[in-house]
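Participant: For reference, this is input14.tsv, and it has TSV, C-alpha atoms.
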chain	number	residue	atom	x	y	z
A	1	MET	CA	55.42	-39.59	11.41
A	2	ALA	CA	58.77	-40.48	12.95
A	3	ALA	CA	59.60	-39.21	16.42
A	4	ILE	CA	61.36	-35.87	16.69
A	5	SER	CA	65.10	-36.41	17.04
A	6	THR	CA	67.73	-34.22	18.63
A	7	PRO	CA	69.07	-31.81	15.97
A	8	SER	CA	72.73	-32.16	15.01
A	9	LEU	CA	75.21	-29.49	16.05
A	10	GLU	CA	75.20	-28.04	12.52
A	11	THR	CA	71.39	-27.93	12.47
A	12	SER	CA	71.32	-26.35	15.94
A	13	PHE	CA	73.60	-23.55	14.71
A	14	LEU	CA	71.25	-22.98	11.75
A	15	PHE	CA	68.19	-22.91	14.00
A	16	GLN	CA	69.90	-20.41	16.29
A	17	LYS	CA	70.83	-18.18	13.35
A	18	VAL	CA	67.26	-18.28	12.03
A	19	ALA	CA	65.93	-17.35	15.47
A	20	ASP	CA	68.45	-14.53	15.90
A	21	ASP	CA	67.75	-13.15	12.42
A	22	LEU	CA	63.98	-13.25	12.93
A	23	ARG	CA	64.36	-11.46	16.25
A	24	GLN	CA	66.58	-8.73	14.77
A	25	GLN	CA	65.17	-8.18	11.28
A	26	GLY	CA	62.20	-10.46	10.66
A	27	TYR	CA	63.84	-12.62	7.99
A	28	SER	CA	66.74	-15.05	7.60
A	29	ILE	CA	68.66	-16.05	4.46
A	30	ASN	CA	71.00	-19.05	4.73
A	31	PRO	CA	72.79	-20.25	1.58
A	32	ASN	CA	73.32	-24.02	1.29
A	33	ALA	CA	72.22	-24.56	4.89
A	34	LEU	CA	69.73	-27.44	4.74
A	35	PRO	CA	71.48	-30.69	5.81
A	36	TYR	CA	73.02	-32.13	2.66
A	37	GLU	CA	71.56	-35.62	3.12
A	38	LEU	CA	68.06	-34.19	3.46
A	39	SER	CA	68.56	-31.94	0.43
A	40	GLN	CA	69.71	-34.91	-1.63
A	41	ARG	CA	66.77	-37.09	-0.56
A	42	LEU	CA	64.29	-34.36	-1.44
A	43	LEU	CA	65.94	-33.88	-4.83
A	44	GLU	CA	65.80	-37.63	-5.46
A	45	GLN	CA	62.12	-37.58	-4.54
A	46	LEU	CA	61.52	-34.84	-7.10
A	47	HIS	CA	63.26	-36.92	-9.77
A	48	LEU	CA	60.91	-39.83	-9.02
A	49	MET	CA	57.76	-37.72	-9.30
A	50	SER	CA	55.78	-37.47	-12.51
A	51	SER	CA	54.41	-34.24	-13.92
A	52	SER	CA	50.88	-35.52	-13.21
A	53	GLU	CA	51.55	-35.20	-9.48
A	54	PHE	CA	51.84	-31.41	-9.83
A	55	ASP	CA	48.82	-29.12	-10.04
A	56	THR	CA	48.64	-25.59	-11.41
A	57	ALA	CA	49.15	-23.29	-8.46
A	58	GLY	CA	46.43	-20.83	-7.51
A	59	ILE	CA	45.84	-18.06	-5.01
A	60	GLY	CA	43.56	-18.14	-1.98
A	61	ARG	CA	42.26	-21.15	-0.04
A	62	GLN	CA	39.19	-23.39	-0.18
A	63	GLN	CA	36.21	-21.60	-1.75
A	64	ASP	CA	38.38	-18.56	-2.48
A	65	HIS	CA	41.01	-20.58	-4.34
A	66	MET	CA	41.47	-19.63	-7.97
A	67	VAL	CA	44.04	-19.98	-10.73
A	68	ASN	CA	45.37	-16.63	-11.89
A	69	ASN	CA	48.11	-16.83	-14.52
A	70	PHE	CA	48.65	-13.09	-14.30
A	71	VAL	CA	49.84	-13.49	-10.70
A	72	ARG	CA	51.61	-16.86	-10.80
A	73	THR	CA	52.37	-19.61	-13.31
A	74	ASP	CA	54.08	-22.31	-11.23
A	75	GLU	CA	52.99	-25.86	-10.34
A	76	ILE	CA	52.83	-27.40	-6.86
A	77	CYS	CA	52.53	-30.74	-5.08
A	78	TRP	CA	51.65	-30.82	-1.37
A	79	ILE	CA	53.96	-32.82	0.93
A	80	ASP	CA	52.04	-35.22	3.16
A	81	GLY	CA	54.85	-37.35	4.54
A	82	SER	CA	53.85	-40.44	2.56
A	83	SER	CA	57.38	-40.73	1.13
A	84	SER	CA	60.50	-41.27	3.22
A	85	ALA	CA	61.99	-37.97	2.01
A	86	GLY	CA	58.75	-36.10	2.71
A	87	GLU	CA	58.57	-37.57	6.21
A	88	GLN	CA	62.18	-36.61	6.92
A	89	TRP	CA	61.48	-33.06	5.71
A	90	LEU	CA	58.42	-32.73	7.97
A	91	VAL	CA	60.41	-33.98	10.96
A	92	TRP	CA	63.11	-31.37	10.27
A	93	ALA	CA	60.47	-28.64	9.91
A	94	SER	CA	58.90	-29.73	13.19
A	95	GLU	CA	62.28	-29.52	14.94
A	96	LEU	CA	62.64	-25.96	13.66
A	97	ARG	CA	59.10	-25.13	14.85
A	98	GLU	CA	59.85	-26.38	18.35
A	99	TYR	CA	63.12	-24.46	18.50
A	100	LEU	CA	61.58	-21.18	17.33
A	101	ASN	CA	58.70	-21.54	19.76
A	102	SER	CA	61.16	-22.06	22.62
A	103	GLN	CA	63.25	-19.03	21.62
A	104	LEU	CA	60.72	-16.56	20.22
A	105	PHE	CA	57.39	-17.67	21.73
A	106	LEU	CA	55.68	-17.48	18.33
A	107	GLY	CA	53.01	-20.03	19.16
A	108	LEU	CA	53.61	-21.94	15.92
A	109	PHE	CA	51.15	-24.84	15.91
A	110	SER	CA	51.16	-26.59	12.54
A	111	PHE	CA	53.08	-26.66	9.28
A	112	GLU	CA	52.07	-27.14	5.66
A	113	SER	CA	54.35	-27.24	2.64
A	114	HIS	CA	54.55	-28.18	-1.02
A	115	PHE	CA	57.06	-28.78	-3.75
A	116	ALA	CA	57.01	-25.98	-6.32
A	117	HIS	CA	58.12	-26.26	-9.93
A	118	TYR	CA	58.76	-23.16	-12.01
A	119	ALA	CA	59.33	-23.99	-15.68
A	120	PRO	CA	61.52	-21.58	-17.66
A	121	GLY	CA	59.74	-18.23	-17.78
A	122	ASP	CA	57.37	-18.97	-14.87
A	123	PHE	CA	56.95	-16.35	-12.15
A	124	TYR	CA	55.04	-15.33	-9.04
A	125	LYS	CA	54.39	-11.61	-8.85
A	126	ARG	CA	54.87	-9.49	-5.74
A	127	HIS	CA	52.58	-10.58	-2.91
A	128	VAL	CA	52.42	-11.29	0.82
A	129	ASP	CA	51.75	-14.74	2.29
A	130	ALA	CA	49.35	-13.42	4.94
A	131	PHE	CA	47.35	-10.24	5.35
A	132	LYS	CA	47.42	-8.62	8.78
A	133	GLY	CA	44.56	-9.87	10.92
A	134	GLU	CA	43.14	-12.10	8.17
A	135	SER	CA	45.29	-15.23	8.24
A	136	ASN	CA	46.96	-17.53	10.72
A	137	ARG	CA	50.13	-17.95	8.68
A	138	VAL	CA	52.91	-16.60	10.88
A	139	LEU	CA	56.21	-17.69	9.37
A	140	SER	CA	57.08	-18.58	5.77
A	141	LEU	CA	59.83	-21.08	4.97
A	142	VAL	CA	61.45	-21.66	1.56
A	143	VAL	CA	64.10	-24.22	0.62
A	144	TYR	CA	65.72	-24.48	-2.81
A	145	LEU	CA	66.60	-27.73	-4.58
A	146	ASN	CA	68.61	-26.58	-7.60
A	147	PRO	CA	72.16	-27.96	-7.92
A	148	ASP	CA	74.74	-25.96	-9.86
A	149	TRP	CA	72.56	-22.87	-10.19
A	150	LEU	CA	74.36	-20.16	-12.15
A	151	PRO	CA	73.83	-16.36	-12.09
A	152	GLU	CA	72.59	-16.45	-15.68
A	153	ASP	CA	69.87	-18.92	-14.64
A	154	GLU	CA	68.18	-16.02	-12.77
A	155	GLY	CA	64.89	-17.02	-11.05
A	156	GLU	CA	65.72	-15.19	-7.81
A	157	LEU	CA	63.38	-14.67	-4.89
A	158	VAL	CA	63.11	-10.94	-4.20
A	159	LEU	CA	62.30	-10.13	-0.58
A	160	TYR	CA	61.07	-6.59	0.13
A	161	LYS	CA	61.36	-5.06	3.60
A	162	ASP	CA	57.97	-3.31	3.33
A	163	GLU	CA	55.37	-2.02	0.86
A	164	THR	CA	57.49	1.01	-0.03
A	165	ASP	CA	60.66	-0.96	-0.83
A	166	LEU	CA	61.15	-1.09	-4.61
A	167	GLU	CA	64.63	-2.65	-4.70
A	168	GLY	CA	64.42	-5.63	-2.34
A	169	THR	CA	66.97	-8.30	-1.50
A	170	LYS	CA	67.59	-10.97	-4.13
A	171	VAL	CA	68.08	-14.59	-3.08
A	172	THR	CA	69.70	-17.03	-5.50
A	173	PRO	CA	67.73	-20.33	-5.49
A	174	SER	CA	70.83	-22.46	-5.02
A	175	PHE	CA	70.80	-25.98	-3.64
A	176	GLY	CA	69.96	-26.26	0.07
A	177	THR	CA	69.42	-22.52	0.66
A	178	VAL	CA	66.95	-21.89	3.49
A	179	VAL	CA	64.90	-18.68	3.74
A	180	ALA	CA	62.48	-17.80	6.56
A	181	PHE	CA	60.47	-14.62	7.04
A	182	LEU	CA	57.44	-13.30	8.91
A	183	SER	CA	54.49	-13.97	6.61
A	184	GLU	CA	52.60	-10.73	7.23
A	185	GLU	CA	55.58	-8.41	7.05
A	186	PHE	CA	57.50	-9.04	3.84
A	187	PRO	CA	56.19	-8.71	0.28
A	188	HIS	CA	58.11	-10.92	-2.12
A	189	GLU	CA	58.14	-12.23	-5.67
A	190	VAL	CA	59.74	-14.95	-7.78
A	191	LEU	CA	61.47	-13.77	-10.96
A	192	PRO	CA	61.39	-15.84	-14.17
A	193	ALA	CA	64.22	-18.33	-14.57
A	194	ALA	CA	66.04	-19.61	-17.64
A	195	ARG	CA	65.81	-23.25	-16.52
A	196	ASP	CA	63.53	-25.44	-14.43
A	197	ARG	CA	63.51	-24.24	-10.83
A	198	TYR	CA	62.48	-26.38	-7.85
A	199	SER	CA	61.79	-25.43	-4.27
A	200	ILE	CA	59.73	-26.20	-1.20
A	201	ALA	CA	57.44	-23.48	0.14
A	202	GLY	CA	55.99	-23.88	3.61
A	203	TRP	CA	54.10	-21.98	6.29
A	204	TYR	CA	53.97	-22.28	10.05
A	205	ARG	CA	50.52	-21.50	11.34
A	206	LEU	CA	48.67	-20.67	14.53
A	207	ASN	CA	45.87	-22.93	15.70
A	208	THR	CA	42.47	-21.48	14.79
A	209	SER	CA	40.51	-24.72	15.07
A	210	GLN	CA	36.89	-24.42	16.13
A	211	ALA	CA	34.24	-26.96	17.10
A	212	ASP	CA	33.00	-27.24	13.51
A	213	ARG	CA	36.30	-26.63	11.65
A	214	VAL	CA	39.75	-28.15	11.96
A	215	ASP	CA	42.74	-26.00	11.09
A	216	PRO	CA	44.54	-25.93	8.77
A	217	PRO	CA	42.04	-26.34	5.93
A	218	ARG	CA	43.34	-27.89	2.69
The structure given in the file should be rewritten as structure tokens.
Facilitator:
Amino acid sequence: MAAISTPSLETSFLFQKVADDLRQQGYSINPNALPYELSQRLLEQLHLMSSSEFDTAGIGRQQDHMVNNFVRTDEICWIDGSSSAGEQWLVWASELREYLNSQLFLGLFSFESHFAHYAPGDFYKRHVDAFKGESNRVLSLVVYLNPDWLPEDEGELVLYKDETDLEGTKVTPSFGTVVAFLSEEFPHEVLPAARDRYSIAGWYRLNTSQADRVDPPR
């Protein structure tokens, strides 16, 4: 992977806003905030990918992983940095990790992410990314790669402040929008869209490696 560079002034402002929002409310919503060049390269990468590179998304990990079309119907492709766009994305995500660790002392150790494709009508029902005390996912990160997204296209992310919140905050999946939230704290769902919907979903994790097991597992 390429060496970590010094973030631009615009990126530094975004990182500061994310840190401030997480400190104050546990989540951060930033429309059209991912650097435009990076957004474009990721979109171009998506256009070059074939449908065979995407797998049906499931729930759980390793031996507990299972496909459940009642819960979610999207497709995913993990980002390993083998492409130039993927490498650039992972460098940017690492810069954000370092900044948040320096400001919030979260102890974020590693990052994993995948492209997600929601065909028209696909959804992901209300869920949390990590259960308290049972996972090392600390912070969830979502970026949207949908140019010219219109209100009638729907497909919003709905972020709920807690288990009792029934209304939530809707996030339009417009191009370059960056969303971050504490993985254990915020239930969320993805509503069906009227057109193909693309995003990157990622998670910053703690290090739970042991002598006989390297974290994170795939």
Participant: Tell me which of A:Asp74, A:Glu37, A:Asp129, A:Asp162 sits closest to A:Ala193, counting all atoms listed in the file.
Facilitator: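 Answer, going by the shortest atom-to-atom distance: A:Asp74.
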Participant: I need the residue nearest A:Ser84 from this list: A:Arg205, A:His188, A:Arg197, A:Arg41. Use all atoms listed in the file for the distance.
Facilitator: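 Using all atoms listed in the file, the shortest distance to A:Ser84 belongs to A:Arg41.
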Participant: For a test of reading the model, state the distance in Å between atom CA of A:Val142 and atom CA of A:Ala201, rounded to one decimal.
Facilitator: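 So the two atoms, atom CA of A:Val142 and atom CA of A:Ala201, lie 4.6 Å apart.
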Participant: Around the point (63.9, -12.8, -9.6), in the coordinates given by the file, pick out the residues reaching within 10 Å, counting only C-alpha atoms, and return them as an NGL selection string.
Facilitator: :A and (123-125 or 153-159 or 169-173 or 188-193)
Participant: Between atom CA of A:Arg97 and atom CA of A:Asp55, what distance in Å does the model show, to one decimal?
Facilitator: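 It comes out at 27.2 Å.
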Participant: List the spatial neighbours of stretch 174-182 of chain A as a list in words - criterion: any atom at most 8 Å away, only C-alpha atoms, same-chain residues fewer than 3 positions off excluded.
Facilitator: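 Using only C-alpha atoms, the neighbours found are Val18, Leu22, Gly26, Tyr27, Ser28, Ile29, Asn30, Pro31, Asn32, Ala33, Leu34, Pro35, Tyr36, Ser39, Val138, Leu139, Ser140, Leu141, Val142, Val143, Tyr144, Leu145, Asn146, Pro147, Asp148, Trp149, Glu185 and Phe186 of chain A.
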Participant: For atom CA of A:Leu206 and atom CA of A:Ser8, quote the distance in Å rounded to one decimal.
Facilitator: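 Pair atom CA of A:Leu206 / atom CA of A:Ser8 returns 26.7 Å.
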Participant: For A:Phe115, find every residue with an atom within 12 Å (counting all atoms listed in the file), except residues of its own chain fewer than 2 positions away, and show them as a PyMOL selection string.
Facilitator: chain A and resi 42-43+45-47+49+51+53-57+74-80+85-86+89+112-113+117-118+141-145+197-202
Participant: With the input short on atoms, add N, CA and C atoms back to stretch 169-193 of chain A and write it as an mmCIF file, keeping the file's coordinate frame.
Facilitator:
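And here is the file that came out, rebuild-v2.cif:
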data_model
loop_
_atom_site.group_PDB
_atom_site.id
_atom_site.type_symbol
_atom_site.label_atom_id
_atom_site.label_comp_id
_atom_site.auth_asym_id
_atom_site.auth_seq_id
_atom_site.Cartn_x
_atom_site.Cartn_y
_atom_site.Cartn_z
ATOM 1 N N THR A 169 65.775 -7.469 -1.635
ATOM 2 C CA THR A 169 66.970 -8.300 -1.500
ATOM 3 C C THR A 169 66.773 -9.547 -2.336
ATOM 4 N N LYS A 170 67.702 -9.811 -3.256
ATOM 5 C CA LYS A 170 67.590 -10.970 -4.130
ATOM 6 C C LYS A 170 68.260 -12.189 -3.492
ATOM 7 N N VAL A 171 67.575 -13.327 -3.606
ATOM 8 C CA VAL A 171 68.080 -14.590 -3.080
ATOM 9 C C VAL A 171 68.228 -15.572 -4.225
ATOM 10 N N THR A 172 69.451 -16.038 -4.456
ATOM 11 C CA THR A 172 69.700 -17.030 -5.500
ATOM 12 C C THR A 172 69.139 -18.384 -5.059
ATOM 13 N N PRO A 173 68.362 -19.065 -5.902
ATOM 14 C CA PRO A 173 67.730 -20.330 -5.490
ATOM 15 C C PRO A 173 68.668 -21.523 -5.592
ATOM 16 N N SER A 174 69.824 -21.416 -4.943
ATOM 17 C CA SER A 174 70.830 -22.460 -5.020
ATOM 18 C C SER A 174 70.513 -23.605 -4.063
ATOM 19 N N PHE A 175 71.117 -24.732 -4.319
ATOM 20 C CA PHE A 175 70.800 -25.980 -3.640
ATOM 21 C C PHE A 175 70.962 -25.863 -2.122
ATOM 22 N N GLY A 176 69.906 -26.210 -1.381
ATOM 23 C CA GLY A 176 69.960 -26.260 0.070
ATOM 24 C C GLY A 176 69.812 -24.924 0.766
ATOM 25 N N THR A 177 69.597 -23.834 0.025
ATOM 26 C CA THR A 177 69.420 -22.520 0.660
ATOM 27 C C THR A 177 68.092 -22.482 1.408
ATOM 28 N N VAL A 178 68.123 -21.958 2.619
ATOM 29 C CA VAL A 178 66.950 -21.890 3.490
ATOM 30 C C VAL A 178 66.619 -20.426 3.766
ATOM 31 N N VAL A 179 65.376 -20.039 3.506
ATOM 32 C CA VAL A 179 64.900 -18.680 3.740
ATOM 33 C C VAL A 179 63.680 -18.744 4.648
ATOM 34 N N ALA A 180 63.650 -17.904 5.672
ATOM 35 C CA ALA A 180 62.480 -17.800 6.560
ATOM 36 C C ALA A 180 62.154 -16.333 6.751
ATOM 37 N N PHE A 181 60.860 -16.005 6.802
ATOM 38 C CA PHE A 181 60.470 -14.620 7.040
ATOM 39 C C PHE A 181 59.056 -14.559 7.590
ATOM 40 N N LEU A 182 58.764 -13.489 8.333
ATOM 41 C CA LEU A 182 57.440 -13.300 8.910
ATOM 42 C C LEU A 182 56.427 -13.086 7.784
ATOM 43 N N SER A 183 55.399 -13.911 7.765
ATOM 44 C CA SER A 183 54.490 -13.970 6.610
ATOM 45 C C SER A 183 53.748 -12.673 6.355
ATOM 46 N N GLU A 184 53.383 -11.951 7.401
ATOM 47 C CA GLU A 184 52.600 -10.730 7.230
ATOM 48 C C GLU A 184 53.443 -9.521 6.874
ATOM 49 N N GLU A 185 54.752 -9.613 7.082
ATOM 50 C CA GLU A 185 55.580 -8.410 7.050
ATOM 51 C C GLU A 185 56.302 -8.164 5.732
ATOM 52 N N PHE A 186 56.566 -9.190 4.951
ATOM 53 C CA PHE A 186 57.500 -9.040 3.840
ATOM 54 C C PHE A 186 56.873 -9.412 2.492
ATOM 55 N N PRO A 187 56.567 -8.415 1.668
ATOM 56 C CA PRO A 187 56.190 -8.710 0.280
ATOM 57 C C PRO A 187 57.359 -9.380 -0.427
ATOM 58 N N HIS A 188 57.050 -10.238 -1.395
ATOM 59 C CA HIS A 188 58.110 -10.920 -2.120
ATOM 60 C C HIS A 188 57.587 -11.376 -3.472
ATOM 61 N N GLU A 189 58.516 -11.720 -4.358
ATOM 62 C CA GLU A 189 58.140 -12.230 -5.670
ATOM 63 C C GLU A 189 59.195 -13.210 -6.147
ATOM 64 N N VAL A 190 58.827 -14.015 -7.144
ATOM 65 C CA VAL A 190 59.740 -14.950 -7.780
ATOM 66 C C VAL A 190 59.927 -14.505 -9.224
ATOM 67 N N LEU A 191 61.169 -14.229 -9.597
ATOM 68 C CA LEU A 191 61.470 -13.770 -10.960
ATOM 69 C C LEU A 191 61.567 -14.959 -11.913
ATOM 70 N N PRO A 192 61.266 -14.753 -13.191
ATOM 71 C CA PRO A 192 61.390 -15.840 -14.170
ATOM 72 C C PRO A 192 62.811 -16.380 -14.230
ATOM 73 N N ALA A 193 62.918 -17.682 -14.458
ATOM 74 C CA ALA A 193 64.220 -18.330 -14.570
ATOM 75 C C ALA A 193 64.432 -18.837 -15.988
#
